[in-house]
Amino acid sequence: MSDRFDAGFEDKATDVPVRHAGSRVRVIKTLTGIFSAKPDKSAIRIRLAAWVFLAVYGIIAAKLIDFGLRPDPPQSIKRAAADAVAAARPDILDRNGEILATDVKVMSVFAEPRRIIDKDEAVELLTAVLPDVDARELRERLGSRKGFVWVKRAITPKQQQEVYRLGLPGVGFLAENKRVYPNGPVAAHVLGFASLDGIGMSGLEKYIDGQGLAELHGAGFNLTPENLTPITTSLDLKVTYAVRDELAKSIVKFKAKAGAAAILDVNTGEVVAMASLPDFDPNTPPDPRDLDYINRLSVGVYEMGSTFKAISVAMALDLGKVNLRSRIDARESLRYGHFTIHDFHATHRMLSVPEVFTYSSNIGAARMALMAGVEAHKAFLYKMGQLSRLRTELPESAEPLVPKNWGELNTMTIAFGQGLNVAPLQAMMAVGALANGGFLVTPTFLKRDEEDAKKDAPRVIKPETSESLRYLMRLNAEIGTAKIANIQGYFVGGKTGTADKIIHGHYSKDKVFTTFMAILPSDKPKYLFLTLLDEPQGLPETGGYHTAAYNAGSVAGKIIERTGPLLGLPPRPDLPTQPFPLLAKLGYAEANQPAKGGGEH
């Protein structure tokens with residue numbers, strides 16, 4: 001029976017018949033080795049696996065806890081924030097230490113898009129608190145893969161509290177610098193403005209970056225307003241305010257399209273005041289492509305009209321072509337081909353050089369320029385800085401428009417201020433040299449003294465030529481076209497300029513550009529005043545005239561009267577008895593006894 005049992009036994013696991021008892025034992029041992037393990041080894045392996053898993057999850061949990069409790073953002077966010085925060089800038093001061101531009105600390109809202117759970121909800125809540133934030137743009141920023149984006153720069157303390165109460169994860173605050181201009185539009189074209197990122201975009205702000213500030217920020221230096229030396233400008237804040245105020249009133253009064261005014265120290269080249277209207281508030285700057293807001297004194301180039309006659313007369317005197325006793329033929333209009341040059345108020349007689357100036361004779365100025373000749377004329381204007389771009393601390397400047405084929409006709413018209421377009425500030429530089437004894441001092445918007453100014457200032461005319469021009473400008477204020485600016489007690493000298501504007505390639509009959517230049521005081525000039533009006537209108541009280549003698553000259557007179565005391569030049573009760581000693585030594589006794597003068601222009 002046992003044999004039958006052995007013979008009929010089958011291993012159910014292997015489905016292999018087992019014929020002998022010995023074989024059966026070996027098979028069972030083999031199967032037991034395959035499908036079983038010893039209890040002591042199995043427990044060790046289970047415990048080891050459990051410890052591995054526990055360690056891994058422990059590390060992850062520790063990282064999460066550390067991340068949640070850490071007060072500072074991750075290093076990547078900190079780096080992004082450091083790059084985004086507005087860079088510190090130095091204070092900009094006027095010549096008396098008054099603040100023109102400074103940094104203040106403000107809070108700005110940022111977001112980490114990767115940490116924001118519900119972006120639509122975040123946009124809805126944030127724009128409800130910050131209504132001037134564009135919802136669509138914010139949604140795009142929050143939908144990006146960036147680790148750091150701005151929500152809004154320079155928020156108010158109230159807005160900060162409201163954003164804080166929202167409790168949005170991934171939204172935080174950063175303290176940064178904001179550029180502030182406490183005087184609004186006063187001196188806006190000189191200061192320029194800085195972007196939200198603390199980058200100078202125009203004016204002195206852009207100039208400062210070019211002097212190394214941008215490189216210092218780029219190199220990673222931790223700059224603060226406290227460790228940056230303030231920039232002291234040449235501007236006088238009070239004088240600049242007064243100039244701008246009088247200019248604004250005149251633009252309204254004469255219904256002008258625009259206007260500008262400046263005061264230049266003729267000995268140091270310092271621009272003490274400058275205004276160009278329309279202007280802007282640097283705290284909320286306009287679109288830089290809007291040409292209405294250009295600086296008309298350095299960016300605009302214009303035909304300066306009869307103010308250029310001062311340069312033309314100085315050239316003829318300095319080259320010895322005429323003297324103050326010379327007489328110029330103004331009996332007939334001056335013809336050149338198909339062109340005719342005539343005087344605004346024709347005298348139809350011979351004119352002395354002082355009369356050419358006081359009558360503002362186009363014919364007389366053209367004849368004197370022809371005496372010098374085309375090449376000498378070009379050389380003199382180049383020497384006076386009128387044929388090349390004027391470079392100052394302001395990055396914004398323009399090239400003069402010079403005739404391509406300069407012939408005699410060009411010399412004739414340029415002599416009385418037509419045919420050559422220059423920036424008014426560079427015309428001021430030339431007239432400043434006529435007034436200061438003959439030194440061409442480059443204008444500056446930074447404070448400096450006379451010694452430093454004249455180190456690189458070439459002499460461009462003789463001292464006696466300079467004195468002759470001061471005499472002529474004073475004479476013009478007494479009896480000529482500049483009478484309207486002859487403010488009592490200031491011994492003013494001046495020259496008017498009225499240029500017909502070019503409209504569609506032709507000179508307009510009713511649109512003019514008027515300028516006025518005045519020196520103060522004429523015996524020993526300290527300041528040169530420039531005023532200009534674009535398309536002023538004639539008024540009933542001016543008899544309908546819209547020439548410079550009635551508008552730009554009037555503005556200059558008001559500015560002189562208002563700013564003289566601020567500039568340290570109060571009215572003098574007694575005017576000088578020997579104001580032009582060099583001319584007296586040369587035998588020009590009439591320099592102290594002005595003759596009768598001429599008409600308005």
# chains A, B, ... in the order shown; residues from 1 in each chain; ligands from 1
>>> residues_around(residues="A:Leu569", least_positions_apart="2", cutoff="12 Å", atoms="only C-alpha atoms", output="list in words")
Gly489, Tyr490, Phe491, Val492, Leu520, Pro521, Pro525, Lys526, Tyr527, Ile560, Glu561, Arg562, Thr563, Gly564, Pro565, Leu566, Leu567, Pro571, Arg572 and Pro573 of chain A
>>> residues_around(residues="A:Ile92", least_positions_apart="3", cutoff="10 Å", atoms="only C-alpha atoms", output="CSV table (one decimal) with N, CA and C atoms, in the first residue's frame")
chain,number,residue,atom,x,y,z
A,89,ARG,N,20.5,107.5,-5.1
A,89,ARG,CA,21.1,108.6,-5.9
A,89,ARG,C,21.5,109.7,-4.9
A,95,ARG,N,22.6,126.4,-5.5
A,95,ARG,CA,23.9,126.9,-5.1
A,95,ARG,C,23.9,127.4,-3.7
A,97,GLY,N,22.4,125.5,-1.2
A,97,GLY,CA,22.1,124.3,-0.4
A,97,GLY,C,20.7,123.9,-0.3
A,98,GLU,N,19.8,124.5,-1.1
A,98,GLU,CA,18.4,124.1,-1.1
A,98,GLU,C,18.2,122.8,-1.9
A,99,ILE,N,17.4,121.9,-1.4
A,99,ILE,CA,17.2,120.6,-2.1
A,99,ILE,C,16.4,120.7,-3.3
A,100,LEU,N,16.9,120.3,-4.4
A,100,LEU,CA,16.2,120.2,-5.7
A,100,LEU,C,15.7,118.8,-6.0
A,101,ALA,N,16.5,117.8,-5.6
A,101,ALA,CA,16.1,116.4,-5.8
A,101,ALA,C,16.7,115.6,-4.7
A,102,THR,N,15.9,114.6,-4.2
A,102,THR,CA,16.4,113.8,-3.1
A,102,THR,C,15.7,112.4,-3.1
A,103,ASP,N,16.2,111.4,-2.4
A,103,ASP,CA,15.6,110.1,-2.2
A,103,ASP,C,14.8,110.0,-1.0
A,181,TYR,N,11.2,115.3,-6.2
A,181,TYR,CA,11.5,116.6,-6.6
A,181,TYR,C,10.6,117.6,-5.9
A,191,LEU,N,17.1,119.6,-14.2
A,191,LEU,CA,17.2,118.4,-13.3
A,191,LEU,C,16.9,117.1,-14.1
A,204,LEU,N,20.4,116.6,-15.5
A,204,LEU,CA,21.5,116.3,-14.6
A,204,LEU,C,21.4,114.9,-14.1
A,205,GLU,N,20.2,114.4,-13.9
A,205,GLU,CA,20.0,113.0,-13.4
A,205,GLU,C,20.8,112.0,-14.3
A,208,ILE,N,24.6,112.6,-14.0
A,208,ILE,CA,25.2,112.0,-12.8
A,208,ILE,C,25.5,110.5,-13.0
A,229,THR,N,28.0,111.9,-2.0
A,229,THR,CA,28.2,113.4,-1.9
A,229,THR,C,27.2,114.1,-2.7
A,230,PRO,N,26.5,115.1,-2.1
A,230,PRO,CA,25.5,115.8,-2.9
A,230,PRO,C,26.1,116.6,-4.1
A,231,ILE,N,25.3,116.8,-5.1
A,231,ILE,CA,25.7,117.5,-6.3
A,231,ILE,C,25.2,119.0,-6.1
A,232,THR,N,26.1,119.9,-6.1
A,232,THR,CA,25.7,121.4,-6.0
A,232,THR,C,25.6,122.0,-7.4
A,233,THR,N,24.5,122.5,-7.7
A,233,THR,CA,24.3,123.1,-9.1
A,233,THR,C,24.6,124.6,-9.0
>>> residues_around(residues="A:Val266", least_positions_apart="6", cutoff="8 Å", atoms="only C-alpha atoms", output="tab-separated table (two decimals) with N, CA and C atoms, in the first residue's frame")
chain	number	residue	atom	x	y	z
A	429	MET	N	26.14	132.21	-24.86
A	429	MET	CA	27.58	132.05	-24.60
A	429	MET	C	28.38	133.08	-25.39
A	432	GLY	N	27.76	136.53	-24.03
A	432	GLY	CA	28.46	136.62	-22.75
A	432	GLY	C	29.92	136.99	-22.93
A	433	ALA	N	30.55	136.45	-23.99
A	433	ALA	CA	31.94	136.80	-24.28
A	433	ALA	C	32.06	138.25	-24.70
A	435	ALA	N	30.36	140.58	-23.51
A	435	ALA	CA	30.14	141.41	-22.32
A	435	ALA	C	31.25	141.29	-21.28
A	436	ASN	N	31.92	140.13	-21.19
A	436	ASN	CA	32.83	139.89	-20.05
A	436	ASN	C	34.27	140.29	-20.31
A	441	VAL	N	33.38	131.65	-22.35
A	441	VAL	CA	33.24	130.74	-21.21
A	441	VAL	C	32.07	129.79	-21.49
A	525	PRO	N	29.55	144.09	-16.47
A	525	PRO	CA	28.48	143.07	-16.47
A	525	PRO	C	28.78	141.87	-15.57
A	526	LYS	N	27.74	141.45	-14.89
A	526	LYS	CA	27.77	140.25	-14.07
A	526	LYS	C	26.84	139.19	-14.66
A	527	TYR	N	25.67	139.62	-15.10
A	527	TYR	CA	24.67	138.68	-15.59
A	527	TYR	C	24.17	139.05	-16.98
A	528	LEU	N	23.85	138.00	-17.73
A	528	LEU	CA	23.21	138.14	-19.03
A	528	LEU	C	21.84	137.48	-18.95
>>> select_by_dssp(residues="stretch 84-245 of chain A", states="strand (DSSP E or B)", output="number ranges by chain")
A: 92-93, 99-111, 149-155, 171-180, 194, 200, 231-233
>>> atom_distance(atom1="atom CA of A:Ala175", atom2="atom CA of A:Val106")
5.6 Å
>>> residues_around(residues="A:Met107", least_positions_apart="4", cutoff="8 Å", atoms="only C-alpha atoms", output="PyMOL selection string")
chain A and resi 153-157+160+173-176
>>> write_last_selection(atoms="N, CA and C atoms", output="mmCIF file, in the first residue's frame")
data_model
loop_
_atom_site.group_PDB
_atom_site.id
_atom_site.type_symbol
_atom_site.label_atom_id
_atom_site.label_comp_id
_atom_site.auth_asym_id
_atom_site.auth_seq_id
_atom_site.Cartn_x
_atom_site.Cartn_y
_atom_site.Cartn_z
ATOM 1 N N ARG A 153 4.855 99.861 -7.331
ATOM 2 C CA ARG A 153 5.967 100.550 -6.694
ATOM 3 C C ARG A 153 5.447 101.748 -5.910
ATOM 4 N N ALA A 154 6.127 102.038 -4.819
ATOM 5 C CA ALA A 154 5.893 103.262 -4.038
ATOM 6 C C ALA A 154 4.431 103.422 -3.623
ATOM 7 N N ILE A 155 3.973 102.522 -2.771
ATOM 8 C CA ILE A 155 2.599 102.623 -2.289
ATOM 9 C C ILE A 155 2.549 103.473 -1.022
ATOM 10 N N THR A 156 1.351 103.895 -0.653
ATOM 11 C CA THR A 156 1.174 104.697 0.555
ATOM 12 C C THR A 156 1.095 103.779 1.776
ATOM 13 N N PRO A 157 1.327 104.311 2.967
ATOM 14 C CA PRO A 157 1.185 103.494 4.172
ATOM 15 C C PRO A 157 -0.203 102.870 4.301
ATOM 16 N N GLN A 160 -0.372 99.930 2.040
ATOM 17 C CA GLN A 160 0.411 98.828 2.590
ATOM 18 C C GLN A 160 -0.396 98.048 3.621
ATOM 19 N N PHE A 173 6.414 92.896 0.830
ATOM 20 C CA PHE A 173 6.779 94.306 0.718
ATOM 21 C C PHE A 173 8.298 94.457 0.735
ATOM 22 N N LEU A 174 8.767 95.450 0.009
ATOM 23 C CA LEU A 174 10.186 95.784 0.017
ATOM 24 C C LEU A 174 10.336 97.288 0.170
ATOM 25 N N ALA A 175 11.256 97.690 1.030
ATOM 26 C CA ALA A 175 11.570 99.116 1.160
ATOM 27 C C ALA A 175 12.562 99.489 0.070
ATOM 28 N N GLU A 176 12.317 100.588 -0.623
ATOM 29 C CA GLU A 176 13.228 101.034 -1.673
ATOM 30 C C GLU A 176 13.251 102.552 -1.740
#
>>> residues_around(residues="stretch 466-475 of chain A", least_positions_apart="3", cutoff="7 Å", atoms="only C-alpha atoms", output="list in words")
Ala314, Pro354, Phe357, Leu434, Ala435, Gly437, Gly438, Ile461, Lys462, Pro463, Glu478, Ile479, Gly480, Val492, Gly493, Gly494, Lys495, Ser522, Phe580, Ala591 and Pro594 of chain A
